[in-house]
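Following: one structure in structure tokens, then a few remarks.
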Amino acid sequence: LARLENMRNTILESSTCRDGMILDLTGDAAVFEKIQPSVENFLSKLPGDANAGKLQDFYSAPHPWVAEIKEEMAASAPIADEGFIVPTQVSYVGKGGRLYDVGESVSGSSAVVSRFLGTGYMWDNIRVIGGAYGGFCQFNPRDGVFSFLSYRDPNLAGSIDVYDGAADALLASAADMENDPDALTTAIIGAIADMDGALSPDQKGTAQFKRWLTRESSEQRQKYRDEVLNTTPADFKAFAERLKALKDPSSAVVSSKAAFEDAAKAGKEFTLTSVM
């Protein structure tokens with residue numbers, strides 16, 4: 001309780017609590033004109049002094065808590081393959097790691113490759129052949145982390161083997177695309193379709209707000225789009241090589257005790273925790 005109260009007091013510190021405070025609204029000009037008095041009245045009643053002190057610029061330097069938290073997490077929760085035992089007949093198998101380090105540039109081609117991997121290789125091997133209810137992979141270009149996941153999966157060790165074989169599958173696909181440009185074009189079209197889906201007004205507002213928070217410019221978005229459109233088989237190869245050299249890889253699985261015992265026989269060891 002004392003820790004939560006300290007957090008509350010820090011957040012509401014009158015000399016700084018207004019700095020960094022954001023109100024995000026989405027609407028047309030007529031709506032804004034109508035609600036303007038109410039918005040100003042609401043803002044005037046918020047705690048703190050709008051003309052008081054300024055916090056550190058966290059865009060240019062990390063928060064002072066970050067280093068401390070990273071050390072604490074490394075000590076209390078080291079990277080490991082973890083298993084959580086529950087009474088179930090299926091498994092939920094996740095594995096991930098870092099493809100890019102902080103500060104590295106991520107090409108828009110990564111969107112093409114990761115989508116291709118998820119809708120092709122993962123669907124075929126986890127869903128169709130493996131019999132799982134679903135399986136997918138995702139890549140976050142902001143933090144450089146790539147992850148695999150299956151759910152309601154009758155397999156455990158086999159699914160991890162599929163994940164570990166993804167890089168070789170990409171290399172094989174890259175070689176095929178050298179002789180089949182239509183396959184590459186199809187992959188690019190799929191990625192562009194994900195980027196250009198129709199948005200409702202609230203979704204447009206959310207997207208723009210995120211862009212504002214991350215300082216993402218229209219020029220950056222255009223550069224990313226151009227990289228998507230200009231994806232080549234060489235980009236598939238480069239992504240595959242990074243996947244082969246996945247940094248800090250770890251697995252997290254929810255399954256039954258029997259499934260973990262079978263996985264151990266197949267050479268897949270986990271630090272186990274019994275949940276129920």
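Following the order of the structure tokens, first chain is A, next is B, and so on, with residues numbered from 1 inside each chain and ligands from 1 in the order they appear.
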Please run DSSP on the backbone and report, as a PDB file with all heavy atoms, in the first residue's frame, all residues within stretch 54-268 of chain A that come out as strand (DSSP E or B).
```pdb
ATOM      1  N   GLU A  82      10.021 -21.280 -19.820  1.00  0.00           N
ATOM      2  CA  GLU A  82       9.106 -21.495 -18.707  1.00  0.00           C
ATOM      3  C   GLU A  82       7.879 -22.291 -19.146  1.00  0.00           C
ATOM      4  O   GLU A  82       7.354 -22.092 -20.246  1.00  0.00           O
ATOM      5  CB  GLU A  82       8.649 -20.168 -18.117  1.00  0.00           C
ATOM      6  CG  GLU A  82       9.767 -19.344 -17.507  1.00  0.00           C
ATOM      7  CD  GLU A  82       9.240 -18.073 -16.865  1.00  0.00           C
ATOM      8  OE1 GLU A  82       8.886 -18.117 -15.666  1.00  0.00           O
ATOM      9  OE2 GLU A  82       9.162 -17.055 -17.568  1.00  0.00           O
ATOM     10  N   GLY A  83       7.422 -23.134 -18.243  1.00  0.00           N
ATOM     11  CA  GLY A  83       6.211 -23.903 -18.484  1.00  0.00           C
ATOM     12  C   GLY A  83       5.252 -23.742 -17.325  1.00  0.00           C
ATOM     13  O   GLY A  83       5.669 -23.734 -16.164  1.00  0.00           O
ATOM     14  N   PHE A  84       3.968 -23.616 -17.649  1.00  0.00           N
ATOM     15  CA  PHE A  84       2.941 -23.432 -16.632  1.00  0.00           C
ATOM     16  C   PHE A  84       1.947 -24.588 -16.742  1.00  0.00           C
ATOM     17  O   PHE A  84       1.296 -24.757 -17.783  1.00  0.00           O
ATOM     18  CB  PHE A  84       2.251 -22.085 -16.805  1.00  0.00           C
ATOM     19  CG  PHE A  84       3.209 -20.928 -16.720  1.00  0.00           C
ATOM     20  CD1 PHE A  84       3.837 -20.440 -17.854  1.00  0.00           C
ATOM     21  CD2 PHE A  84       3.518 -20.357 -15.493  1.00  0.00           C
ATOM     22  CE1 PHE A  84       4.737 -19.389 -17.784  1.00  0.00           C
ATOM     23  CE2 PHE A  84       4.424 -19.299 -15.404  1.00  0.00           C
ATOM     24  CZ  PHE A  84       5.034 -18.828 -16.551  1.00  0.00           C
ATOM     25  N   ILE A  85       1.881 -25.365 -15.673  1.00  0.00           N
ATOM     26  CA  ILE A  85       1.076 -26.590 -15.681  1.00  0.00           C
ATOM     27  C   ILE A  85      -0.359 -26.281 -15.285  1.00  0.00           C
ATOM     28  O   ILE A  85      -0.623 -25.709 -14.223  1.00  0.00           O
ATOM     29  CB  ILE A  85       1.668 -27.635 -14.724  1.00  0.00           C
ATOM     30  CG1 ILE A  85       3.106 -27.981 -15.127  1.00  0.00           C
ATOM     31  CG2 ILE A  85       0.806 -28.886 -14.700  1.00  0.00           C
ATOM     32  CD1 ILE A  85       3.817 -28.879 -14.128  1.00  0.00           C
ATOM     33  N   SER A  91      -2.182 -27.360 -25.713  1.00  0.00           N
ATOM     34  CA  SER A  91      -1.085 -26.491 -25.282  1.00  0.00           C
ATOM     35  C   SER A  91      -1.197 -25.112 -25.923  1.00  0.00           C
ATOM     36  O   SER A  91      -1.835 -24.941 -26.968  1.00  0.00           O
ATOM     37  CB  SER A  91       0.269 -27.110 -25.662  1.00  0.00           C
ATOM     38  OG  SER A  91       0.455 -28.361 -25.046  1.00  0.00           O
ATOM     39  N   TYR A  92      -0.552 -24.168 -25.282  1.00  0.00           N
ATOM     40  CA  TYR A  92      -0.418 -22.811 -25.810  1.00  0.00           C
ATOM     41  C   TYR A  92       1.082 -22.528 -25.801  1.00  0.00           C
ATOM     42  O   TYR A  92       1.680 -22.368 -24.737  1.00  0.00           O
ATOM     43  CB  TYR A  92      -1.191 -21.821 -24.942  1.00  0.00           C
ATOM     44  CG  TYR A  92      -2.668 -22.141 -24.878  1.00  0.00           C
ATOM     45  CD1 TYR A  92      -3.142 -23.137 -24.019  1.00  0.00           C
ATOM     46  CD2 TYR A  92      -3.579 -21.486 -25.702  1.00  0.00           C
ATOM     47  CE1 TYR A  92      -4.489 -23.463 -23.981  1.00  0.00           C
ATOM     48  CE2 TYR A  92      -4.930 -21.806 -25.665  1.00  0.00           C
ATOM     49  CZ  TYR A  92      -5.381 -22.796 -24.799  1.00  0.00           C
ATOM     50  OH  TYR A  92      -6.715 -23.130 -24.765  1.00  0.00           O
ATOM     51  N   VAL A  93       1.676 -22.515 -26.983  1.00  0.00           N
ATOM     52  CA  VAL A  93       3.132 -22.559 -27.107  1.00  0.00           C
ATOM     53  C   VAL A  93       3.660 -21.260 -27.702  1.00  0.00           C
ATOM     54  O   VAL A  93       3.360 -20.911 -28.847  1.00  0.00           O
ATOM     55  CB  VAL A  93       3.573 -23.748 -27.987  1.00  0.00           C
ATOM     56  CG1 VAL A  93       5.089 -23.865 -28.006  1.00  0.00           C
ATOM     57  CG2 VAL A  93       2.930 -25.049 -27.499  1.00  0.00           C
ATOM     58  N   GLY A  94       4.437 -20.549 -26.916  1.00  0.00           N
ATOM     59  CA  GLY A  94       5.019 -19.298 -27.392  1.00  0.00           C
ATOM     60  C   GLY A  94       6.529 -19.334 -27.369  1.00  0.00           C
ATOM     61  O   GLY A  94       7.136 -19.974 -26.502  1.00  0.00           O
ATOM     62  N   LYS A  95       7.130 -18.655 -28.322  1.00  0.00           N
ATOM     63  CA  LYS A  95       8.587 -18.507 -28.338  1.00  0.00           C
ATOM     64  C   LYS A  95       8.917 -17.174 -28.992  1.00  0.00           C
ATOM     65  O   LYS A  95       8.269 -16.761 -29.958  1.00  0.00           O
ATOM     66  CB  LYS A  95       9.265 -19.636 -29.100  1.00  0.00           C
ATOM     67  CG  LYS A  95      10.796 -19.517 -29.092  1.00  0.00           C
ATOM     68  CD  LYS A  95      11.493 -20.729 -29.698  1.00  0.00           C
ATOM     69  CE  LYS A  95      13.005 -20.573 -29.584  1.00  0.00           C
ATOM     70  NZ  LYS A  95      13.740 -21.768 -30.078  1.00  0.00           N
ATOM     71  N   GLY A  96       9.914 -16.477 -28.451  1.00  0.00           N
ATOM     72  CA  GLY A  96      10.273 -15.193 -29.028  1.00  0.00           C
ATOM     73  C   GLY A  96      11.697 -14.798 -28.707  1.00  0.00           C
ATOM     74  O   GLY A  96      12.400 -15.479 -27.954  1.00  0.00           O
ATOM     75  N   GLY A  97      12.106 -13.697 -29.279  1.00  0.00           N
ATOM     76  CA  GLY A  97      13.445 -13.176 -29.049  1.00  0.00           C
ATOM     77  C   GLY A  97      13.617 -11.877 -29.814  1.00  0.00           C
ATOM     78  O   GLY A  97      12.695 -11.395 -30.482  1.00  0.00           O
ATOM     79  N   ARG A  98      14.794 -11.322 -29.729  1.00  0.00           N
ATOM     80  CA  ARG A  98      15.053 -10.021 -30.338  1.00  0.00           C
ATOM     81  C   ARG A  98      15.774 -10.184 -31.681  1.00  0.00           C
ATOM     82  O   ARG A  98      16.841 -10.796 -31.758  1.00  0.00           O
ATOM     83  CB  ARG A  98      15.898  -9.169 -29.392  1.00  0.00           C
ATOM     84  CG  ARG A  98      16.054  -7.727 -29.833  1.00  0.00           C
ATOM     85  CD  ARG A  98      16.788  -6.914 -28.781  1.00  0.00           C
ATOM     86  NE  ARG A  98      16.095  -6.943 -27.498  1.00  0.00           N
ATOM     87  CZ  ARG A  98      15.035  -6.188 -27.215  1.00  0.00           C
ATOM     88  NH1 ARG A  98      14.554  -5.357 -28.128  1.00  0.00           N
ATOM     89  NH2 ARG A  98      14.465  -6.268 -26.037  1.00  0.00           N
ATOM     90  N   GLY A 134      -5.068 -22.526 -33.835  1.00  0.00           N
ATOM     91  CA  GLY A 134      -4.487 -21.358 -34.472  1.00  0.00           C
ATOM     92  C   GLY A 134      -3.000 -21.266 -34.213  1.00  0.00           C
ATOM     93  O   GLY A 134      -2.479 -21.838 -33.253  1.00  0.00           O
ATOM     94  N   GLY A 135      -2.325 -20.558 -35.081  1.00  0.00           N
ATOM     95  CA  GLY A 135      -0.897 -20.338 -34.915  1.00  0.00           C
ATOM     96  C   GLY A 135      -0.482 -19.126 -35.719  1.00  0.00           C
ATOM     97  O   GLY A 135      -0.980 -18.919 -36.828  1.00  0.00           O
ATOM     98  N   PHE A 136       0.353 -18.310 -35.156  1.00  0.00           N
ATOM     99  CA  PHE A 136       0.765 -17.115 -35.879  1.00  0.00           C
ATOM    100  C   PHE A 136       2.123 -16.652 -35.383  1.00  0.00           C
ATOM    101  O   PHE A 136       2.669 -17.160 -34.394  1.00  0.00           O
ATOM    102  CB  PHE A 136      -0.265 -15.993 -35.725  1.00  0.00           C
ATOM    103  CG  PHE A 136      -0.495 -15.543 -34.311  1.00  0.00           C
ATOM    104  CD1 PHE A 136       0.241 -14.504 -33.765  1.00  0.00           C
ATOM    105  CD2 PHE A 136      -1.463 -16.148 -33.524  1.00  0.00           C
ATOM    106  CE1 PHE A 136       0.026 -14.078 -32.464  1.00  0.00           C
ATOM    107  CE2 PHE A 136      -1.694 -15.729 -32.219  1.00  0.00           C
ATOM    108  CZ  PHE A 136      -0.939 -14.693 -31.684  1.00  0.00           C
ATOM    109  N   CYS A 137       2.669 -15.665 -36.071  1.00  0.00           N
ATOM    110  CA  CYS A 137       3.903 -15.026 -35.633  1.00  0.00           C
ATOM    111  C   CYS A 137       3.727 -13.531 -35.807  1.00  0.00           C
ATOM    112  O   CYS A 137       2.898 -13.081 -36.600  1.00  0.00           O
ATOM    113  CB  CYS A 137       5.112 -15.530 -36.423  1.00  0.00           C
ATOM    114  SG  CYS A 137       5.017 -15.253 -38.207  1.00  0.00           S
ATOM    115  N   GLN A 138       4.477 -12.764 -35.065  1.00  0.00           N
ATOM    116  CA  GLN A 138       4.377 -11.319 -35.193  1.00  0.00           C
ATOM    117  C   GLN A 138       5.724 -10.672 -34.914  1.00  0.00           C
ATOM    118  O   GLN A 138       6.511 -11.170 -34.110  1.00  0.00           O
ATOM    119  CB  GLN A 138       3.315 -10.763 -34.251  1.00  0.00           C
ATOM    120  CG  GLN A 138       3.553 -11.028 -32.785  1.00  0.00           C
ATOM    121  CD  GLN A 138       2.402 -10.543 -31.911  1.00  0.00           C
ATOM    122  OE1 GLN A 138       1.291 -10.337 -32.383  1.00  0.00           O
ATOM    123  NE2 GLN A 138       2.673 -10.363 -30.630  1.00  0.00           N
ATOM    124  N   PHE A 139       5.933  -9.557 -35.597  1.00  0.00           N
ATOM    125  CA  PHE A 139       7.169  -8.802 -35.420  1.00  0.00           C
ATOM    126  C   PHE A 139       6.811  -7.361 -35.113  1.00  0.00           C
ATOM    127  O   PHE A 139       6.013  -6.741 -35.818  1.00  0.00           O
ATOM    128  CB  PHE A 139       8.031  -8.867 -36.678  1.00  0.00           C
ATOM    129  CG  PHE A 139       9.238  -7.975 -36.621  1.00  0.00           C
ATOM    130  CD1 PHE A 139      10.231  -8.184 -35.668  1.00  0.00           C
ATOM    131  CD2 PHE A 139       9.383  -6.920 -37.515  1.00  0.00           C
ATOM    132  CE1 PHE A 139      11.337  -7.355 -35.600  1.00  0.00           C
ATOM    133  CE2 PHE A 139      10.486  -6.090 -37.459  1.00  0.00           C
ATOM    134  CZ  PHE A 139      11.468  -6.318 -36.497  1.00  0.00           C
ATOM    135  N   ASN A 140       7.396  -6.819 -34.051  1.00  0.00           N
ATOM    136  CA  ASN A 140       7.170  -5.428 -33.676  1.00  0.00           C
ATOM    137  C   ASN A 140       8.389  -4.609 -34.091  1.00  0.00           C
ATOM    138  O   ASN A 140       9.457  -4.732 -33.471  1.00  0.00           O
ATOM    139  CB  ASN A 140       6.945  -5.315 -32.167  1.00  0.00           C
ATOM    140  CG  ASN A 140       6.548  -3.912 -31.752  1.00  0.00           C
ATOM    141  OD1 ASN A 140       6.860  -2.939 -32.413  1.00  0.00           O
ATOM    142  ND2 ASN A 140       5.847  -3.812 -30.638  1.00  0.00           N
ATOM    143  N   VAL A 145      11.343  -7.110 -31.493  1.00  0.00           N
ATOM    144  CA  VAL A 145      11.051  -8.448 -30.969  1.00  0.00           C
ATOM    145  C   VAL A 145      10.166  -9.237 -31.934  1.00  0.00           C
ATOM    146  O   VAL A 145       9.162  -8.716 -32.437  1.00  0.00           O
ATOM    147  CB  VAL A 145      10.369  -8.364 -29.587  1.00  0.00           C
ATOM    148  CG1 VAL A 145       9.887  -9.735 -29.125  1.00  0.00           C
ATOM    149  CG2 VAL A 145      11.337  -7.779 -28.565  1.00  0.00           C
ATOM    150  N   PHE A 146      10.548 -10.482 -32.160  1.00  0.00           N
ATOM    151  CA  PHE A 146       9.777 -11.398 -33.011  1.00  0.00           C
ATOM    152  C   PHE A 146       9.266 -12.541 -32.139  1.00  0.00           C
ATOM    153  O   PHE A 146       9.993 -13.047 -31.286  1.00  0.00           O
ATOM    154  CB  PHE A 146      10.651 -11.956 -34.135  1.00  0.00           C
ATOM    155  CG  PHE A 146       9.886 -12.763 -35.158  1.00  0.00           C
ATOM    156  CD1 PHE A 146       9.333 -12.140 -36.263  1.00  0.00           C
ATOM    157  CD2 PHE A 146       9.713 -14.120 -35.003  1.00  0.00           C
ATOM    158  CE1 PHE A 146       8.622 -12.877 -37.206  1.00  0.00           C
ATOM    159  CE2 PHE A 146       9.003 -14.864 -35.926  1.00  0.00           C
ATOM    160  CZ  PHE A 146       8.452 -14.239 -37.043  1.00  0.00           C
ATOM    161  N   SER A 147       8.019 -12.952 -32.372  1.00  0.00           N
ATOM    162  CA  SER A 147       7.457 -14.015 -31.543  1.00  0.00           C
ATOM    163  C   SER A 147       6.576 -14.957 -32.348  1.00  0.00           C
ATOM    164  O   SER A 147       5.957 -14.574 -33.343  1.00  0.00           O
ATOM    165  CB  SER A 147       6.659 -13.423 -30.372  1.00  0.00           C
ATOM    166  OG  SER A 147       5.674 -12.533 -30.838  1.00  0.00           O
ATOM    167  N   PHE A 148       6.535 -16.195 -31.879  1.00  0.00           N
ATOM    168  CA  PHE A 148       5.659 -17.229 -32.419  1.00  0.00           C
ATOM    169  C   PHE A 148       4.644 -17.595 -31.336  1.00  0.00           C
ATOM    170  O   PHE A 148       4.953 -17.557 -30.139  1.00  0.00           O
ATOM    171  CB  PHE A 148       6.438 -18.506 -32.753  1.00  0.00           C
ATOM    172  CG  PHE A 148       7.528 -18.361 -33.769  1.00  0.00           C
ATOM    173  CD1 PHE A 148       8.841 -18.155 -33.375  1.00  0.00           C
ATOM    174  CD2 PHE A 148       7.259 -18.486 -35.126  1.00  0.00           C
ATOM    175  CE1 PHE A 148       9.868 -18.058 -34.303  1.00  0.00           C
ATOM    176  CE2 PHE A 148       8.276 -18.390 -36.063  1.00  0.00           C
ATOM    177  CZ  PHE A 148       9.586 -18.177 -35.663  1.00  0.00           C
ATOM    178  N   LEU A 149       3.458 -18.040 -31.761  1.00  0.00           N
ATOM    179  CA  LEU A 149       2.469 -18.482 -30.786  1.00  0.00           C
ATOM    180  C   LEU A 149       1.485 -19.444 -31.426  1.00  0.00           C
ATOM    181  O   LEU A 149       1.053 -19.248 -32.566  1.00  0.00           O
ATOM    182  CB  LEU A 149       1.698 -17.286 -30.216  1.00  0.00           C
ATOM    183  CG  LEU A 149       0.666 -17.606 -29.124  1.00  0.00           C
ATOM    184  CD1 LEU A 149       1.364 -18.117 -27.867  1.00  0.00           C
ATOM    185  CD2 LEU A 149      -0.170 -16.372 -28.795  1.00  0.00           C
ATOM    186  N   SER A 150       1.153 -20.472 -30.678  1.00  0.00           N
ATOM    187  CA  SER A 150       0.065 -21.366 -31.081  1.00  0.00           C
ATOM    188  C   SER A 150      -0.939 -21.432 -29.942  1.00  0.00           C
ATOM    189  O   SER A 150      -0.590 -21.201 -28.784  1.00  0.00           O
ATOM    190  CB  SER A 150       0.593 -22.773 -31.384  1.00  0.00           C
ATOM    191  OG  SER A 150       0.985 -23.432 -30.186  1.00  0.00           O
ATOM    192  N   TYR A 151      -2.194 -21.743 -30.266  1.00  0.00           N
ATOM    193  CA  TYR A 151      -3.177 -21.901 -29.209  1.00  0.00           C
ATOM    194  C   TYR A 151      -4.092 -23.079 -29.523  1.00  0.00           C
ATOM    195  O   TYR A 151      -4.324 -23.430 -30.668  1.00  0.00           O
ATOM    196  CB  TYR A 151      -3.973 -20.618 -28.960  1.00  0.00           C
ATOM    197  CG  TYR A 151      -4.689 -20.033 -30.145  1.00  0.00           C
ATOM    198  CD1 TYR A 151      -6.044 -20.256 -30.350  1.00  0.00           C
ATOM    199  CD2 TYR A 151      -4.006 -19.220 -31.059  1.00  0.00           C
ATOM    200  CE1 TYR A 151      -6.699 -19.689 -31.431  1.00  0.00           C
ATOM    201  CE2 TYR A 151      -4.654 -18.670 -32.127  1.00  0.00           C
ATOM    202  CZ  TYR A 151      -6.007 -18.903 -32.320  1.00  0.00           C
ATOM    203  OH  TYR A 151      -6.656 -18.348 -33.392  1.00  0.00           O
ATOM    204  N   ARG A 152      -4.550 -23.683 -28.436  1.00  0.00           N
ATOM    205  CA  ARG A 152      -5.314 -24.940 -28.507  1.00  0.00           C
ATOM    206  C   ARG A 152      -4.571 -25.912 -29.428  1.00  0.00           C
ATOM    207  O   ARG A 152      -5.090 -26.427 -30.393  1.00  0.00           O
ATOM    208  CB  ARG A 152      -6.742 -24.674 -28.989  1.00  0.00           C
ATOM    209  CG  ARG A 152      -7.548 -23.847 -28.004  1.00  0.00           C
ATOM    210  CD  ARG A 152      -8.943 -23.548 -28.479  1.00  0.00           C
ATOM    211  NE  ARG A 152      -9.762 -24.760 -28.589  1.00  0.00           N
ATOM    212  CZ  ARG A 152     -11.023 -24.780 -28.973  1.00  0.00           C
ATOM    213  NH1 ARG A 152     -11.614 -23.624 -29.289  1.00  0.00           N
ATOM    214  NH2 ARG A 152     -11.687 -25.900 -29.036  1.00  0.00           N
ATOM    215  N   ASP A 153      -3.333 -26.147 -29.042  1.00  0.00           N
ATOM    216  CA  ASP A 153      -2.375 -26.891 -29.855  1.00  0.00           C
ATOM    217  C   ASP A 153      -2.189 -28.295 -29.283  1.00  0.00           C
ATOM    218  O   ASP A 153      -1.821 -28.445 -28.116  1.00  0.00           O
ATOM    219  CB  ASP A 153      -1.036 -26.126 -29.835  1.00  0.00           C
ATOM    220  CG  ASP A 153      -0.033 -26.667 -30.829  1.00  0.00           C
ATOM    221  OD1 ASP A 153      -0.244 -27.763 -31.364  1.00  0.00           O
ATOM    222  OD2 ASP A 153       0.985 -25.979 -31.048  1.00  0.00           O
ATOM    223  N   LYS A 247      18.243 -13.262 -30.802  1.00  0.00           N
ATOM    224  CA  LYS A 247      18.919 -12.929 -29.548  1.00  0.00           C
ATOM    225  C   LYS A 247      17.980 -13.122 -28.356  1.00  0.00           C
ATOM    226  O   LYS A 247      16.802 -12.823 -28.432  1.00  0.00           O
ATOM    227  CB  LYS A 247      19.412 -11.477 -29.594  1.00  0.00           C
ATOM    228  CG  LYS A 247      20.390 -11.213 -30.734  1.00  0.00           C
ATOM    229  CD  LYS A 247      20.707  -9.739 -30.850  1.00  0.00           C
ATOM    230  CE  LYS A 247      21.618  -9.470 -32.036  1.00  0.00           C
ATOM    231  NZ  LYS A 247      21.889  -8.025 -32.221  1.00  0.00           N
ATOM    232  N   ASP A 248      18.540 -13.616 -27.276  1.00  0.00           N
ATOM    233  CA  ASP A 248      17.790 -13.841 -26.034  1.00  0.00           C
ATOM    234  C   ASP A 248      16.511 -14.633 -26.277  1.00  0.00           C
ATOM    235  O   ASP A 248      15.425 -14.248 -25.808  1.00  0.00           O
ATOM    236  CB  ASP A 248      17.437 -12.507 -25.369  1.00  0.00           C
ATOM    237  CG  ASP A 248      18.665 -11.699 -24.995  1.00  0.00           C
ATOM    238  OD1 ASP A 248      19.684 -12.319 -24.647  1.00  0.00           O
ATOM    239  OD2 ASP A 248      18.616 -10.460 -25.055  1.00  0.00           O
ATOM    240  N   PRO A 249      16.586 -15.758 -26.984  1.00  0.00           N
ATOM    241  CA  PRO A 249      15.361 -16.524 -27.244  1.00  0.00           C
ATOM    242  C   PRO A 249      14.863 -17.221 -25.982  1.00  0.00           C
ATOM    243  O   PRO A 249      15.645 -17.632 -25.124  1.00  0.00           O
ATOM    244  CB  PRO A 249      15.817 -17.537 -28.289  1.00  0.00           C
ATOM    245  CG  PRO A 249      17.265 -17.768 -27.968  1.00  0.00           C
ATOM    246  CD  PRO A 249      17.784 -16.418 -27.528  1.00  0.00           C
ATOM    247  N   SER A 250      13.562 -17.330 -25.875  1.00  0.00           N
ATOM    248  CA  SER A 250      12.972 -18.075 -24.759  1.00  0.00           C
ATOM    249  C   SER A 250      11.577 -18.528 -25.157  1.00  0.00           C
ATOM    250  O   SER A 250      10.951 -17.952 -26.052  1.00  0.00           O
ATOM    251  CB  SER A 250      12.908 -17.225 -23.488  1.00  0.00           C
ATOM    252  OG  SER A 250      12.055 -16.117 -23.668  1.00  0.00           O
ATOM    253  N   SER A 251      11.118 -19.558 -24.469  1.00  0.00           N
ATOM    254  CA  SER A 251       9.786 -20.102 -24.721  1.00  0.00           C
ATOM    255  C   SER A 251       8.933 -19.991 -23.468  1.00  0.00           C
ATOM    256  O   SER A 251       9.445 -20.050 -22.345  1.00  0.00           O
ATOM    257  CB  SER A 251       9.875 -21.577 -25.148  1.00  0.00           C
ATOM    258  OG  SER A 251      10.627 -21.716 -26.333  1.00  0.00           O
ATOM    259  N   ALA A 252       7.642 -19.841 -23.677  1.00  0.00           N
ATOM    260  CA  ALA A 252       6.683 -19.840 -22.576  1.00  0.00           C
ATOM    261  C   ALA A 252       5.502 -20.692 -23.019  1.00  0.00           C
ATOM    262  O   ALA A 252       4.915 -20.437 -24.080  1.00  0.00           O
ATOM    263  CB  ALA A 252       6.232 -18.431 -22.225  1.00  0.00           C
ATOM    264  N   VAL A 253       5.181 -21.695 -22.224  1.00  0.00           N
ATOM    265  CA  VAL A 253       4.167 -22.674 -22.621  1.00  0.00           C
ATOM    266  C   VAL A 253       3.190 -22.916 -21.487  1.00  0.00           C
ATOM    267  O   VAL A 253       3.588 -23.047 -20.327  1.00  0.00           O
ATOM    268  CB  VAL A 253       4.826 -24.011 -23.021  1.00  0.00           C
ATOM    269  CG1 VAL A 253       3.763 -25.037 -23.414  1.00  0.00           C
ATOM    270  CG2 VAL A 253       5.820 -23.808 -24.158  1.00  0.00           C
ATOM    271  N   VAL A 254       1.917 -22.971 -21.836  1.00  0.00           N
ATOM    272  CA  VAL A 254       0.878 -23.400 -20.899  1.00  0.00           C
ATOM    273  C   VAL A 254       0.390 -24.752 -21.389  1.00  0.00           C
ATOM    274  O   VAL A 254      -0.083 -24.880 -22.531  1.00  0.00           O
ATOM    275  CB  VAL A 254      -0.292 -22.400 -20.852  1.00  0.00           C
ATOM    276  CG1 VAL A 254      -1.400 -22.916 -19.941  1.00  0.00           C
ATOM    277  CG2 VAL A 254       0.187 -21.038 -20.383  1.00  0.00           C
ATOM    278  N   SER A 255       0.503 -25.770 -20.538  1.00  0.00           N
ATOM    279  CA  SER A 255       0.121 -27.112 -20.964  1.00  0.00           C
ATOM    280  C   SER A 255      -0.050 -28.008 -19.748  1.00  0.00           C
ATOM    281  O   SER A 255       0.013 -27.550 -18.598  1.00  0.00           O
ATOM    282  CB  SER A 255       1.178 -27.688 -21.917  1.00  0.00           C
ATOM    283  OG  SER A 255       0.671 -28.848 -22.574  1.00  0.00           O
TER     284      SER A 255
END
```
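All residues of protein, DNA or RNA that reach within 9 Å of A:Ile126, judged by only C-alpha atoms and not counting those fewer than 3 positions away in the chain, are Tyr121, Met122, Trp123, Ile129, Gly130, Gly131, Ala132, Tyr133, Gly134, Gly135, Phe136, Ser150, Asp153, Asn155, Gly158, Ser159 and Val162 of chain A.
With distances restricted to only C-alpha atoms, A:Asp194 is the closest residue to A:Phe116 from A:Asp81, A:Asp194, A:Glu261, A:Glu216.
Between A:Val228 and the candidates A:Ser114, A:Gln56, A:Asn51, A:Ser274, the tightest atom-to-atom separation, counting only C-alpha atoms, involves A:Ser114.
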Exercise for the section: Among the residues of stretch 112-276 of chain A, find those DSSP assigns to helix (DSSP H, G or I) from the backbone and print them as a VMD selection string. Expected result: chain A and resid 112 to 129 157 to 164 166 to 179 181 to 195 201 to 214 218 to 229 233 to 244 257 to 265
Handout entry: Spatial neighbours of stretch 180-183 of chain A, 12 Å, only C-alpha atoms, chain gap at least 5 places, as a list of chain:residue names
Key = A:Val112, A:Val113, A:Phe116, A:Gly120, A:Ser173, A:Ala174, A:Ala175, A:Ile188, A:Ile189, A:Gly190, A:Thr231, A:Thr232, A:Pro233
Practice task
For A:Ala245, please output as a PyMOL selection string all residues within 8 Å (counting only C-alpha atoms; exclusion window: fewer than 3 positions along the same chain).
Solution key: chain A and resi 99+241-242
